[in-house]
file entry09.cif (mmCIF, C-alpha atoms)
data_input
#
loop_
_atom_site.label_atom_id
_atom_site.label_comp_id
_atom_site.auth_asym_id
_atom_site.auth_seq_id
_atom_site.Cartn_x
_atom_site.Cartn_y
_atom_site.Cartn_z
CA MET A 11 -99.08 106.85 18.36
CA GLU A 12 -98.85 109.59 20.91
CA ARG A 13 -95.53 110.12 22.64
CA LYS A 14 -95.26 112.54 25.53
CA LEU A 15 -91.95 113.48 27.10
CA SER A 16 -91.54 114.09 30.79
CA LEU A 17 -88.57 114.70 33.02
CA ASN A 18 -87.99 112.98 36.28
CA PRO A 19 -86.66 115.52 38.81
CA TRP A 20 -84.26 112.86 40.04
CA TRP A 21 -81.58 114.66 37.99
CA ALA A 22 -81.80 117.50 40.50
CA GLU A 23 -81.93 115.59 43.77
CA GLY A 24 -78.25 116.22 44.50
CA GLU A 25 -78.77 119.93 43.85
CA PHE A 26 -81.81 119.89 46.12
CA LEU A 27 -79.97 118.11 48.94
CA GLN A 28 -77.12 120.60 48.71
CA ARG A 29 -79.61 123.47 48.79
CA ARG A 30 -78.57 124.73 45.38
CA LEU A 31 -82.06 124.32 43.93
CA THR A 32 -85.49 124.48 45.53
CA PHE A 33 -88.32 122.41 44.14
CA PRO A 34 -90.02 125.42 42.50
CA GLN A 35 -86.70 126.15 40.78
CA ILE A 36 -86.49 122.53 39.63
CA ILE A 37 -89.98 122.85 38.14
CA GLU A 38 -88.89 125.99 36.29
CA ALA A 39 -85.73 124.29 35.02
CA ILE A 40 -87.74 121.32 33.76
CA ALA A 41 -90.22 123.59 32.00
CA ALA A 42 -87.32 125.39 30.30
CA MET A 43 -86.16 122.09 28.79
CA GLY A 44 -89.24 121.93 26.63
CA VAL A 45 -90.88 118.73 27.82
CA ASP A 46 -94.58 118.04 28.27
CA GLY A 47 -94.45 117.20 31.94
CA LEU A 48 -92.60 116.04 34.98
CA ASP A 49 -92.70 112.90 37.06
CA MET A 50 -93.25 113.55 40.72
CA ASN A 51 -90.85 111.99 43.20
CA ASP A 52 -91.82 111.06 46.72
CA ILE A 53 -89.54 113.43 48.59
CA TYR A 54 -91.06 116.55 47.06
CA VAL A 55 -94.61 115.54 47.94
CA GLY A 56 -93.64 114.64 51.48
CA ASP A 57 -95.01 112.11 53.91
CA SER A 58 -95.53 112.51 57.59
CA PRO A 59 -97.06 109.91 57.10
CA ASN A 60 -99.33 111.68 54.61
CA PRO A 61 -98.53 114.73 52.51
CA GLU A 62 -99.80 118.10 53.61
CA PRO A 63 -102.88 118.96 51.50
CA GLN A 64 -101.44 122.43 51.02
CA THR A 65 -98.19 120.98 49.66
CA VAL A 66 -100.09 118.89 47.14
CA ARG A 67 -102.15 121.89 46.08
CA THR A 68 -99.05 124.10 45.75
CA ILE A 69 -97.16 121.55 43.64
CA LYS A 70 -100.13 121.13 41.37
CA LYS A 71 -100.44 124.89 40.89
CA GLN A 72 -96.72 125.37 40.31
CA CYS A 73 -96.61 122.67 37.66
CA ALA A 74 -99.70 124.02 35.93
CA ALA A 75 -98.27 127.54 35.96
CA ALA A 76 -95.09 126.19 34.36
CA GLY A 77 -97.15 124.46 31.68
CA LEU A 78 -96.19 121.01 32.91
CA GLU A 79 -98.44 118.03 33.24
CA ILE A 80 -97.68 115.76 36.20
CA MET A 81 -97.15 112.70 34.09
CA SER A 82 -96.63 110.13 36.80
CA CYS A 83 -95.93 109.83 40.51
CA TRP A 84 -93.05 107.69 41.73
CA TYR A 85 -92.80 106.05 45.09
CA TYR A 86 -90.05 103.60 45.94
CA THR A 87 -91.75 100.65 47.55
CA ASP A 88 -91.05 97.06 48.49
CA LEU A 89 -94.47 95.65 47.81
CA ALA A 90 -93.47 92.02 48.31
CA GLY A 91 -91.65 92.82 51.54
CA ALA A 92 -94.50 94.87 52.96
CA ALA A 93 -96.96 92.08 52.25
CA LEU A 94 -94.68 89.43 53.73
CA LEU A 95 -93.35 91.35 56.72
CA TYR A 96 -96.77 92.76 57.62
CA SER A 97 -99.73 91.60 55.54
CA PRO A 98 -101.09 91.88 51.99
CA GLU A 99 -103.94 94.04 53.33
CA ARG A 100 -101.53 96.47 54.93
CA ALA A 101 -99.46 96.70 51.76
CA VAL A 102 -102.59 97.39 49.74
CA SER A 103 -103.74 100.06 52.19
CA HIS A 104 -100.52 101.99 51.65
CA ILE A 105 -100.79 101.78 47.89
CA ALA A 106 -104.37 103.05 48.22
CA ARG A 107 -102.91 106.08 49.97
CA LEU A 108 -100.46 106.63 47.12
CA LEU A 109 -103.23 106.28 44.54
CA ALA A 110 -105.17 109.00 46.35
CA VAL A 111 -102.16 111.33 46.33
CA THR A 112 -101.60 110.62 42.65
CA GLU A 113 -105.20 111.47 41.91
CA MET A 114 -104.97 114.69 43.93
CA LEU A 115 -101.96 115.67 41.84
CA GLY A 116 -103.96 115.05 38.69
CA SER A 117 -101.73 112.31 37.37
CA LYS A 118 -102.88 109.15 35.59
CA TYR A 119 -99.92 106.93 36.48
CA LEU A 120 -98.43 105.69 39.74
CA VAL A 121 -95.05 103.97 39.49
CA ILE A 122 -93.99 101.69 42.34
CA SER A 123 -91.66 98.75 42.83
CA ASN A 124 -92.35 95.14 43.71
CA GLY A 125 -89.10 95.25 45.64
CA ASN A 126 -86.77 92.52 46.71
CA LEU A 127 -87.10 89.35 48.71
CA PRO A 128 -86.64 89.42 52.47
CA ARG A 129 -84.32 86.81 53.91
CA GLY A 130 -85.87 83.35 54.26
CA VAL A 131 -88.66 83.76 51.69
CA THR A 132 -88.78 81.84 48.43
CA VAL A 133 -89.61 83.36 45.07
CA GLU A 134 -92.73 81.18 44.90
CA GLU A 135 -93.98 82.36 48.28
CA ALA A 136 -93.39 85.98 47.40
CA ARG A 137 -94.99 85.62 43.98
CA SER A 138 -98.11 84.12 45.51
CA VAL A 139 -98.41 87.00 47.97
CA LEU A 140 -97.73 89.58 45.27
CA LEU A 141 -100.51 88.20 43.09
CA LYS A 142 -102.89 88.49 46.02
CA VAL A 143 -101.85 92.12 46.43
CA TYR A 144 -102.23 92.76 42.70
CA GLU A 145 -105.78 91.35 42.76
CA SER A 146 -106.72 93.81 45.47
CA LEU A 147 -105.08 96.72 43.67
CA ILE A 148 -107.10 96.34 40.47
CA PRO A 149 -110.43 97.67 41.78
CA LEU A 150 -108.64 100.48 43.61
CA ALA A 151 -106.76 101.52 40.49
CA GLU A 152 -109.97 101.34 38.49
CA ASP A 153 -111.76 103.49 41.05
CA HIS A 154 -109.04 106.14 40.85
CA ASP A 155 -108.65 105.60 37.10
CA ILE A 156 -104.91 105.45 37.61
CA ALA A 157 -102.70 102.80 36.03
CA ILE A 158 -100.04 101.36 38.28
CA GLY A 159 -96.64 100.83 36.65
CA PHE A 160 -94.33 98.33 38.26
CA HIS A 161 -90.80 99.54 37.85
CA ALA A 162 -88.62 97.07 35.94
CA GLY A 163 -85.02 98.19 35.93
CA ARG A 164 -82.94 95.14 36.75
CA ALA A 165 -81.77 92.68 34.13
CA SER A 166 -82.17 89.72 36.46
CA SER A 167 -84.41 89.82 39.49
CA PRO A 168 -87.61 87.88 40.20
CA PHE A 169 -89.88 90.90 40.55
CA THR A 170 -88.00 93.98 39.35
CA SER A 171 -86.84 92.67 35.97
CA PRO A 172 -88.95 93.33 32.87
CA ALA A 173 -89.66 89.62 32.41
CA GLY A 174 -90.52 89.03 36.07
CA THR A 175 -92.79 92.06 36.22
CA LEU A 176 -94.43 91.25 32.92
CA SER A 177 -95.17 87.73 34.10
CA LEU A 178 -97.02 89.05 37.16
CA VAL A 179 -98.93 91.69 35.24
CA GLN A 180 -99.99 89.27 32.53
CA GLU A 181 -101.28 86.81 35.09
CA LEU A 182 -103.92 89.33 36.17
CA GLY A 183 -104.55 90.83 32.73
CA SER A 184 -105.81 94.23 33.87
CA PRO A 185 -104.95 97.38 31.90
CA TYR A 186 -104.52 99.08 35.27
CA LEU A 187 -101.52 96.91 36.13
CA THR A 188 -98.63 97.76 33.81
CA VAL A 189 -94.87 97.47 33.45
CA THR A 190 -92.57 100.49 33.57
CA PRO A 191 -89.44 99.30 31.77
CA ASP A 192 -86.27 101.13 32.75
CA PHE A 193 -83.41 101.34 30.24
CA GLU A 194 -81.19 100.26 33.12
CA ALA A 195 -82.18 96.63 32.51
CA TRP A 196 -80.58 96.94 29.06
CA ARG A 197 -77.38 98.66 30.22
CA ARG A 198 -74.19 97.15 28.84
CA PRO A 199 -71.53 96.43 31.46
CA ALA A 200 -68.62 98.85 31.04
CA PRO A 201 -65.37 99.49 32.91
CA GLY A 202 -65.71 102.14 35.58
CA MET A 203 -69.48 102.07 35.71
CA PRO A 204 -71.33 100.84 38.82
CA VAL A 205 -72.26 97.18 38.86
CA ARG A 206 -74.30 97.21 42.05
CA TYR A 207 -77.60 98.74 43.13
CA THR A 208 -78.30 100.72 46.27
CA ASP A 209 -81.65 99.04 46.86
CA ASN A 210 -80.22 95.54 46.65
CA PRO A 211 -76.56 95.28 47.72
CA ASN A 212 -76.57 91.53 46.99
CA LEU A 213 -77.38 92.00 43.32
CA VAL A 214 -74.60 92.42 40.77
CA GLN A 215 -75.35 93.75 37.31
CA GLY A 216 -75.55 90.91 34.80
CA GLU A 217 -75.46 90.90 31.05
CA ALA A 218 -77.75 93.40 29.38
CA LEU A 219 -81.11 92.02 28.34
CA SER A 220 -82.06 91.42 24.76
CA VAL A 221 -84.06 94.25 23.24
CA ASP A 222 -86.60 91.59 22.28
CA VAL A 223 -87.67 91.69 25.93
CA PHE A 224 -88.22 95.44 25.60
CA ARG A 225 -90.46 94.81 22.60
CA GLN A 226 -92.41 92.25 24.62
CA VAL A 227 -93.15 94.64 27.48
CA LEU A 228 -93.95 97.72 25.38
CA PRO A 229 -97.62 96.81 24.80
CA HIS A 230 -97.97 96.82 28.62
CA ALA A 231 -95.91 99.96 29.18
CA PRO A 232 -97.75 103.29 29.03
CA VAL A 233 -94.78 104.78 30.90
CA VAL A 234 -91.25 104.05 29.72
CA HIS A 235 -88.31 105.04 31.88
CA ALA A 236 -85.48 106.34 29.71
CA LYS A 237 -82.57 106.40 32.12
CA PHE A 238 -79.22 107.91 31.14
CA LEU A 239 -75.92 107.75 33.00
CA GLU A 240 -73.45 109.65 30.86
CA ILE A 241 -73.55 111.61 27.65
CA THR A 242 -70.46 111.40 25.47
CA ASP A 243 -70.25 113.17 22.12
CA GLY A 244 -73.99 113.65 22.07
CA ASP A 245 -74.82 110.05 22.76
CA GLU A 246 -75.26 107.64 25.66
CA PRO A 247 -72.76 104.79 25.22
CA ASN A 248 -74.08 102.52 27.96
CA TYR A 249 -77.39 101.56 26.37
CA PRO A 250 -78.33 100.10 22.98
CA LEU A 251 -80.23 103.25 22.10
CA ASP A 252 -80.53 102.44 18.40
CA ASP A 253 -82.43 99.25 19.17
CA LEU A 254 -84.42 100.60 22.11
CA PHE A 255 -85.70 103.58 20.13
CA ALA A 256 -86.34 101.46 17.06
CA ALA A 257 -88.62 99.36 19.25
CA LEU A 258 -90.30 102.46 20.63
CA ASN A 259 -90.81 103.90 17.17
CA ASP A 260 -92.27 100.60 16.00
CA SER A 261 -94.65 100.34 18.95
CA THR A 262 -98.32 100.93 18.20
CA ALA A 263 -99.11 101.69 21.85
CA ALA A 264 -99.12 105.16 23.44
CA HIS A 265 -96.11 105.82 25.65
CA ASN A 266 -95.07 108.57 27.99
CA ILE A 267 -91.29 108.70 27.96
CA CYS A 268 -90.00 109.53 31.43
CA ILE A 269 -86.46 110.84 30.93
CA GLU A 270 -84.06 110.57 33.82
CA TYR A 271 -80.41 111.58 34.07
CA GLU A 272 -78.63 109.72 36.86
CA GLY A 273 -75.02 110.48 36.03
CA TRP A 274 -74.83 113.11 38.77
CA ILE A 275 -74.49 110.53 41.55
CA PRO A 276 -71.18 110.41 43.47
CA GLU A 277 -70.00 107.25 41.71
CA ILE A 278 -70.41 108.49 38.12
CA HIS A 279 -70.02 112.15 37.15
CA PRO A 280 -70.72 114.42 40.12
CA GLU A 281 -68.47 117.07 38.53
CA ARG A 282 -70.83 117.61 35.59
CA ASP A 283 -73.68 120.07 35.55
CA PRO A 284 -76.79 117.86 35.92
CA ALA A 285 -79.10 120.41 34.29
CA ALA A 286 -76.91 120.65 31.19
CA GLU A 287 -76.57 116.87 30.99
CA THR A 288 -80.31 116.43 31.43
CA LYS A 289 -81.01 118.79 28.56
CA LYS A 290 -78.72 116.66 26.38
CA CYS A 291 -80.79 113.61 27.34
CA VAL A 292 -83.97 115.38 26.28
CA ASP A 293 -82.38 116.29 22.95
CA ILE A 294 -81.28 112.68 22.39
CA VAL A 295 -84.77 111.33 23.08
CA ARG A 296 -86.46 113.95 20.94
CA HIS A 297 -84.07 113.34 18.06
CA ARG A 298 -84.38 109.57 18.23
CA LEU A 299 -88.16 109.59 18.48
CA ASN A 300 -88.34 111.75 15.41
CA ALA A 301 -85.69 109.87 13.49
CA MET B 12 -83.20 103.56 43.55
CA PRO B 13 -79.92 104.46 41.87
CA VAL B 14 -77.12 102.33 40.59
CA GLY B 15 -73.99 102.11 42.72
CA THR B 16 -73.43 101.72 46.42
CA VAL B 17 -73.82 105.30 47.67
CA ASN B 18 -77.26 106.47 48.57
CA TRP B 19 -76.49 109.91 49.96
CA ILE B 20 -74.65 113.20 49.52
CA GLU B 21 -72.08 113.15 52.28
CA GLU B 22 -71.10 116.80 52.17
CA GLY B 23 -72.94 118.75 54.83
CA MET B 24 -74.50 115.82 56.65
CA LEU B 25 -72.37 116.32 59.75
CA GLY B 26 -72.18 119.78 61.23
CA SER B 27 -68.76 121.38 61.64
CA THR B 28 -69.18 122.18 65.31
CA ILE B 29 -70.22 120.39 68.47
CA ARG B 30 -71.70 121.89 71.58
CA ALA B 31 -70.95 120.74 75.10
CA VAL B 32 -73.73 119.37 77.27
CA SER B 33 -73.54 117.96 80.76
CA SER B 34 -75.78 115.41 82.31
CA PRO B 35 -76.08 114.91 86.05
CA VAL B 36 -76.64 111.17 85.61
CA GLN B 37 -73.99 109.32 87.61
CA GLU B 38 -73.64 106.44 85.11
CA THR B 39 -72.44 108.80 82.42
CA ALA B 40 -69.88 110.63 84.52
CA GLU B 41 -66.97 109.36 82.42
CA ILE B 42 -68.63 110.03 79.08
CA PRO B 43 -68.02 113.30 77.24
CA GLY B 44 -71.24 115.29 76.97
CA PHE B 45 -71.82 116.96 73.63
CA GLU B 46 -74.25 117.28 70.76
CA PHE B 47 -74.09 117.84 67.03
CA GLY B 48 -76.37 118.22 64.05
CA LEU B 49 -77.03 115.49 61.49
CA THR B 50 -78.85 116.42 58.29
CA ASN B 51 -80.82 114.04 56.08
CA HIS B 52 -79.01 113.94 52.75
CA PHE B 53 -80.18 110.49 51.76
CA PHE B 54 -81.57 109.91 48.28
CA HIS B 55 -85.29 109.27 48.44
CA GLY B 56 -84.67 109.88 52.11
CA LEU B 57 -88.24 110.20 53.28
CA HIS B 58 -88.72 107.49 55.86
CA PRO B 59 -89.72 106.89 59.46
CA LEU B 60 -86.82 106.96 61.89
CA GLY B 61 -86.92 103.16 62.10
CA TRP B 62 -85.39 103.08 58.64
CA ILE B 63 -82.18 103.74 60.57
CA ARG B 64 -81.27 100.31 61.93
CA SER B 65 -78.35 101.53 64.01
CA LEU B 66 -76.55 104.76 64.83
CA ARG B 67 -73.12 104.87 66.42
CA VAL B 68 -71.05 107.82 67.54
CA TYR B 69 -67.30 108.10 68.12
CA LEU B 70 -65.42 111.09 69.48
CA ASP B 71 -61.68 111.06 68.90
CA GLU B 72 -62.05 107.41 67.91
CA ALA B 73 -63.61 106.37 71.24
CA GLU B 74 -67.05 104.84 70.77
CA ILE B 75 -69.85 106.34 72.84
CA PRO B 76 -72.07 103.75 74.55
CA ALA B 77 -75.42 103.56 72.75
CA ASN B 78 -77.37 104.03 75.97
CA ALA B 79 -75.84 107.51 76.37
CA ILE B 80 -77.02 108.72 72.93
CA THR B 81 -80.30 110.48 72.21
CA LEU B 82 -81.68 111.57 68.84
CA VAL B 83 -83.68 114.79 69.13
CA ILE B 84 -86.12 115.43 66.30
CA ARG B 85 -88.43 118.45 66.40
CA ASP B 86 -87.87 118.74 70.18
CA GLN B 87 -88.65 115.06 70.73
CA PRO B 88 -85.76 113.22 72.42
CA ILE B 89 -85.61 109.55 71.47
CA PRO B 90 -83.03 107.15 72.95
CA VAL B 91 -81.01 105.93 70.01
CA THR B 92 -81.52 102.33 71.13
CA LEU B 93 -85.24 102.80 70.38
CA VAL B 94 -84.85 104.54 67.01
CA PRO B 95 -85.06 101.25 65.01
CA GLN B 96 -88.58 100.75 66.39
CA ILE B 97 -90.01 104.16 65.45
CA SER B 98 -92.42 103.85 62.53
CA ASP B 99 -94.43 107.05 62.58
CA ILE B 100 -91.96 109.84 63.22
CA TYR B 101 -90.46 110.83 59.87
CA TRP B 102 -87.03 112.27 59.22
CA GLN B 103 -87.65 114.65 56.36
CA PRO B 104 -85.13 115.31 53.58
CA LEU B 105 -82.88 118.24 54.54
CA GLU B 106 -84.11 118.12 58.12
CA THR B 107 -81.41 118.37 60.78
CA VAL B 108 -81.74 116.29 63.92
CA THR B 109 -79.59 116.72 66.99
CA ILE B 110 -77.55 113.78 68.22
CA ARG B 111 -76.95 114.31 71.92
CA VAL B 112 -74.50 112.40 74.08
CA GLU B 113 -75.67 112.55 77.64
CA GLY B 114 -72.25 112.69 79.23
CA GLY B 115 -71.05 113.89 82.57
CA GLN B 116 -68.15 116.02 81.41
CA PRO B 117 -67.75 118.31 78.43
CA PRO B 118 -64.99 117.56 75.93
CA ALA B 119 -62.05 119.95 75.85
CA THR B 120 -62.55 123.04 73.74
CA GLY B 121 -60.86 122.96 70.35
CA ALA B 122 -60.73 120.43 67.54
CA HIS B 123 -62.01 116.86 67.75
CA VAL B 124 -62.61 114.06 65.31
CA LEU B 125 -66.27 113.11 65.17
CA THR B 126 -67.59 109.97 63.53
CA CYS B 127 -71.23 109.07 63.12
CA SER B 128 -72.05 105.71 61.59
CA LEU B 129 -75.53 104.90 60.34
CA ALA B 130 -76.89 101.64 59.03
CA VAL B 131 -79.99 102.26 56.91
CA SER B 132 -82.32 99.57 55.71
CA THR B 133 -82.72 98.60 52.08
CA PHE B 134 -86.37 97.86 52.84
CA ILE B 135 -87.93 101.02 51.53
CA PHE B 136 -91.67 100.51 51.76
CA THR B 137 -92.51 103.66 53.65
CA PRO B 138 -94.01 103.79 56.22
CA GLU B 139 -93.30 100.19 57.23
CA ILE B 140 -89.98 99.28 58.79
CA ASP B 141 -87.98 96.08 58.83
CA ARG B 142 -88.14 95.33 62.55
CA ALA B 143 -86.56 91.90 62.19
CA ASP B 144 -83.72 93.07 59.91
CA LEU B 145 -84.65 90.66 57.14
CA TYR B 146 -83.21 93.01 54.53
CA PRO B 147 -79.55 94.01 54.31
CA ALA B 148 -78.60 97.42 55.62
CA THR B 149 -76.23 99.90 54.01
CA GLU B 150 -73.65 101.53 56.24
CA LEU B 151 -72.65 105.16 56.00
CA ARG B 152 -69.69 106.26 58.10
CA LEU B 153 -69.30 110.02 58.37
CA THR B 154 -66.10 111.43 59.84
CA ARG B 155 -64.92 114.99 60.08
CA GLU B 156 -62.95 117.34 62.25
CA VAL B 157 -65.28 119.41 64.38
CA LEU B 158 -64.73 122.33 66.66
CA LEU B 159 -65.95 122.86 70.18
CA ALA B 160 -65.82 126.59 70.74
CA ASP B 161 -65.22 128.13 74.15
CA ASP B 162 -68.76 129.44 74.41
CA ALA B 163 -70.46 126.45 72.78
CA ARG B 164 -72.06 125.17 75.91
CA ILE B 165 -75.73 124.64 76.53
CA GLY B 166 -76.96 127.67 78.41
CA ALA B 167 -73.81 129.67 77.67
#

call {"tool": "encode", "arguments": {"input": "entry09.cif", "output": "structure tokens"}}
result
Amino acid sequence: MERKLSLNPWWAEGEFLQRRLTFPQIIEAIAAMGVDGLDMNDIYVGDSPNPEPQTVRTIKKQCAAAGLEIMSCWYYTDLAGAALLYSPERAVSHIARLLAVTEMLGSKYLVISNGNLPRGVTVEEARSVLLKVYESLIPLAEDHDIAIGFHAGRASSPFTSPAGTLSLVQELGSPYLTVTPDFEAWRRPAPGMPVRYTDNPNLVQGEALSVDVFRQVLPHAPVVHAKFLEITDGDEPNYPLDDLFAALNDSTAAHNICIEYEGWIPEIHPERDPAAETKKCVDIVRHRLNA
Amino acid sequence: MPVGTVNWIEEGMLGSTIRAVSSPVQETAEIPGFEFGLTNHFFHGLHPLGWIRSLRVYLDEAEIPANAITLVIRDQPIPVTLVPQISDIYWQPLETVTIRVEGGQPPATGAHVLTCSLAVSTFIFTPEIDRADLYPATELRLTREVLLADDARIGA
């Protein structure tokens, strides 16, 4: 089955924030790494509260000129929280906005997060509201012909774990509602590596999930998030890459592999060159997909 | 959102200088009047101002009363006590806002220790904000030595 490789510009966000790289330079760097496309992150599109049409047009042109497909658009959302704090309709209206931006950028996938529970809300209450939101998203996604991927990067969490996300998606059974599994959910705890998450300070990393769960979500995962934290001797020691890529190679579904190097953050390896490390990640994925 | 506990690049967020300002308001007569730049270096840092749940300022370890602090974004001054309620003015990545302390007397020229503490929400569904603080906030405390130059006065 078809496998496309894309790079998430997240690897360069530290460089961008320190004004060492502009977004056009990031696009050029990604193109030089020999991938099929890039995954657009929210900060480069801009919101105020909507992106400037000219910005969207410029990004689209720059990517096309670099020979890169915009594989997916990523927005970090708290869908459950928005529906509970405001209303399901309001949450849906914002996702409709993101679908429109994704369509304008010419991408076929929008990746968002179900988010975490606000204080005082039970999992059952939140699940019920989320399903209502999902129901409303299906016709919108169909209209835009854009599949929504719900990011699943936590080993244990009601709505951001692969199992939790898969359970919601399967309940509705639409091909437009999908799971975006993140290798992070399969990360093995290791000394010196972060055990917490910036989006959910109350969550502590648990045991890595079984790769069987990865195999279960793959039929629902047109976008797979291959996250890497550190490359040592040409490999990434924190994830069970042999098993994850064996599952990917066995999968009969089409997958875009969104590669992301996150080791540049202050708590891991800020001293390393993120571009060089990212290229190593691309090489690892390419090698393992061909193996 | 990334692993870990740090959601920002600290270097360069606080400017290295402050400028003196003076306010004629009687209530602030004892407060040092100054302003400084604060740049958005947050990861995925594209949010309305209300994403900031609190902002505190200290000069030489003395906390400035919140009602004397104003955040100025694109020439719009917003009392910092109202910032947590702002849902449709966005602080863009790399954008520098001015934090102004409406004090009655300028600090002495020379070196000072400036601290700016921000609590940012972990509710990240832009453009909505967590008005009731139902999600935990992450605190960032920035401290650096800053310089008030002789001629760094508004209107100088």

call {"tool": "interface_residues", "arguments": {"input": "entry09.cif", "of": "chain A", "to": "chain B", "cutoff": "9 Å", "atoms": "all atoms listed in the file", "output": "count of residues only"}}
result
47

call {"tool": "residues_around", "arguments": {"input": "entry09.cif", "residues": "Leu15 of chain A", "least_positions_apart": "2", "cutoff": "7 Å", "atoms": "only C-alpha atoms", "output": "PyMOL selection string"}}
result
chain A and resi 13+17+45-47+266-268

call {"tool": "resolve_selection", "arguments": {"input": "entry09.cif", "expression": "the PyMOL selection byres ((chain B and resi 126) around 12)", "output": "PyMOL selection string"}}
result
chain B and resi 24-27+29+47+49+66-75+110+123-125+127-129+151-157

call {"tool": "write_last_selection", "arguments": {"input": "entry09.cif", "atoms": "C-alpha atoms", "output": "JSON list (two decimals), in the frame of the given file"}}
result
[["chain", "number", "residue", "atom", "x", "y", "z"],
["B", 24, "MET", "CA", -74.50, 115.82, 56.65],
["B", 25, "LEU", "CA", -72.37, 116.32, 59.75],
["B", 26, "GLY", "CA", -72.18, 119.78, 61.23],
["B", 27, "SER", "CA", -68.76, 121.38, 61.64],
["B", 29, "ILE", "CA", -70.22, 120.39, 68.47],
["B", 47, "PHE", "CA", -74.09, 117.84, 67.03],
["B", 49, "LEU", "CA", -77.03, 115.49, 61.49],
["B", 66, "LEU", "CA", -76.55, 104.76, 64.83],
["B", 67, "ARG", "CA", -73.12, 104.87, 66.42],
["B", 68, "VAL", "CA", -71.05, 107.82, 67.54],
["B", 69, "TYR", "CA", -67.30, 108.10, 68.12],
["B", 70, "LEU", "CA", -65.42, 111.09, 69.48],
["B", 71, "ASP", "CA", -61.68, 111.06, 68.90],
["B", 72, "GLU", "CA", -62.05, 107.41, 67.91],
["B", 73, "ALA", "CA", -63.61, 106.37, 71.24],
["B", 74, "GLU", "CA", -67.05, 104.84, 70.77],
["B", 75, "ILE", "CA", -69.85, 106.34, 72.84],
["B", 110, "ILE", "CA", -77.55, 113.78, 68.22],
["B", 123, "HIS", "CA", -62.01, 116.86, 67.75],
["B", 124, "VAL", "CA", -62.61, 114.06, 65.31],
["B", 125, "LEU", "CA", -66.27, 113.11, 65.17],
["B", 127, "CYS", "CA", -71.23, 109.07, 63.12],
["B", 128, "SER", "CA", -72.05, 105.71, 61.59],
["B", 129, "LEU", "CA", -75.53, 104.90, 60.34],
["B", 151, "LEU", "CA", -72.65, 105.16, 56.00],
["B", 152, "ARG", "CA", -69.69, 106.26, 58.10],
["B", 153, "LEU", "CA", -69.30, 110.02, 58.37],
["B", 154, "THR", "CA", -66.10, 111.43, 59.84],
["B", 155, "ARG", "CA", -64.92, 114.99, 60.08],
["B", 156, "GLU", "CA", -62.95, 117.34, 62.25],
["B", 157, "VAL", "CA", -65.28, 119.41, 64.38]]

call {"tool": "residues_around", "arguments": {"input": "entry09.cif", "residues": "Trp21 of chain A", "least_positions_apart": "3", "cutoff": "7 Å", "atoms": "all atoms listed in the file", "output": "list of chain:residue names"}}
result
A:Asn18, A:Glu270, A:Tyr271, A:Glu272, A:Trp274, A:Pro284, A:Thr288

call {"tool": "residues_near_point", "arguments": {"input": "entry09.cif", "point": "(-101.5, 92.5, 40.4)", "cutoff": "9 Å", "atoms": "only C-alpha atoms", "output": "VMD selection string"}}
result
chain A and resid 140 to 148 178 to 184 186 to 188

call {"tool": "atom_distance", "arguments": {"input": "entry09.cif", "atom1": "atom CA of Ala200 of chain A", "atom2": "atom CA of Leu251 of chain A"}}
result
15.3 Å

call {"tool": "residues_around", "arguments": {"input": "entry09.cif", "residues": "Thr109 of chain B", "least_positions_apart": "3", "cutoff": "10 Å", "atoms": "only C-alpha atoms", "output": "list in words"}}
result
Gly26, Glu46, Phe47, Gly48, Leu49, Thr50, Thr81, Leu82, Val83, Ile84, Arg85, Asp86, Gln87, Pro88 and Val112 of chain B

call {"tool": "write_last_selection", "arguments": {"input": "entry09.cif", "atoms": "C-alpha atoms", "output": "compact mmCIF listing (two decimals), in the frame of the given file"}}
result
# COMPACT_ATOMS: atom_id res chain seq x y z
CA GLY B 26 -72.18 119.78 61.23
CA GLU B 46 -74.25 117.28 70.76
CA PHE B 47 -74.09 117.84 67.03
CA GLY B 48 -76.37 118.22 64.05
CA LEU B 49 -77.03 115.49 61.49
CA THR B 50 -78.85 116.42 58.29
CA THR B 81 -80.30 110.48 72.21
CA LEU B 82 -81.68 111.57 68.84
CA VAL B 83 -83.68 114.79 69.13
CA ILE B 84 -86.12 115.43 66.30
CA ARG B 85 -88.43 118.45 66.40
CA ASP B 86 -87.87 118.74 70.18
CA GLN B 87 -88.65 115.06 70.73
CA PRO B 88 -85.76 113.22 72.42
CA VAL B 112 -74.50 112.40 74.08

call {"tool": "closest_residue", "arguments": {"input": "entry09.cif", "among": "A:Lys70, A:His235, A:His265, A:Arg298", "to": "Asp253 of chain A", "atoms": "all atoms listed in the file"}}
result
A:Arg298

call {"tool": "atom_distance", "arguments": {"input": "entry09.cif", "atom1": "atom CA of Ala195 of chain A", "atom2": "atom CA of Arg164 of chain A"}}
result
4.6 Å

call {"tool": "resolve_selection", "arguments": {"input": "entry09.cif", "expression": "the PyMOL selection byres ((chain A and resi 191) around 8)", "output": "PyMOL selection string"}}
result
chain A and resi 161-163+172+189-190+192-193+195+224+227-228+231+233-235
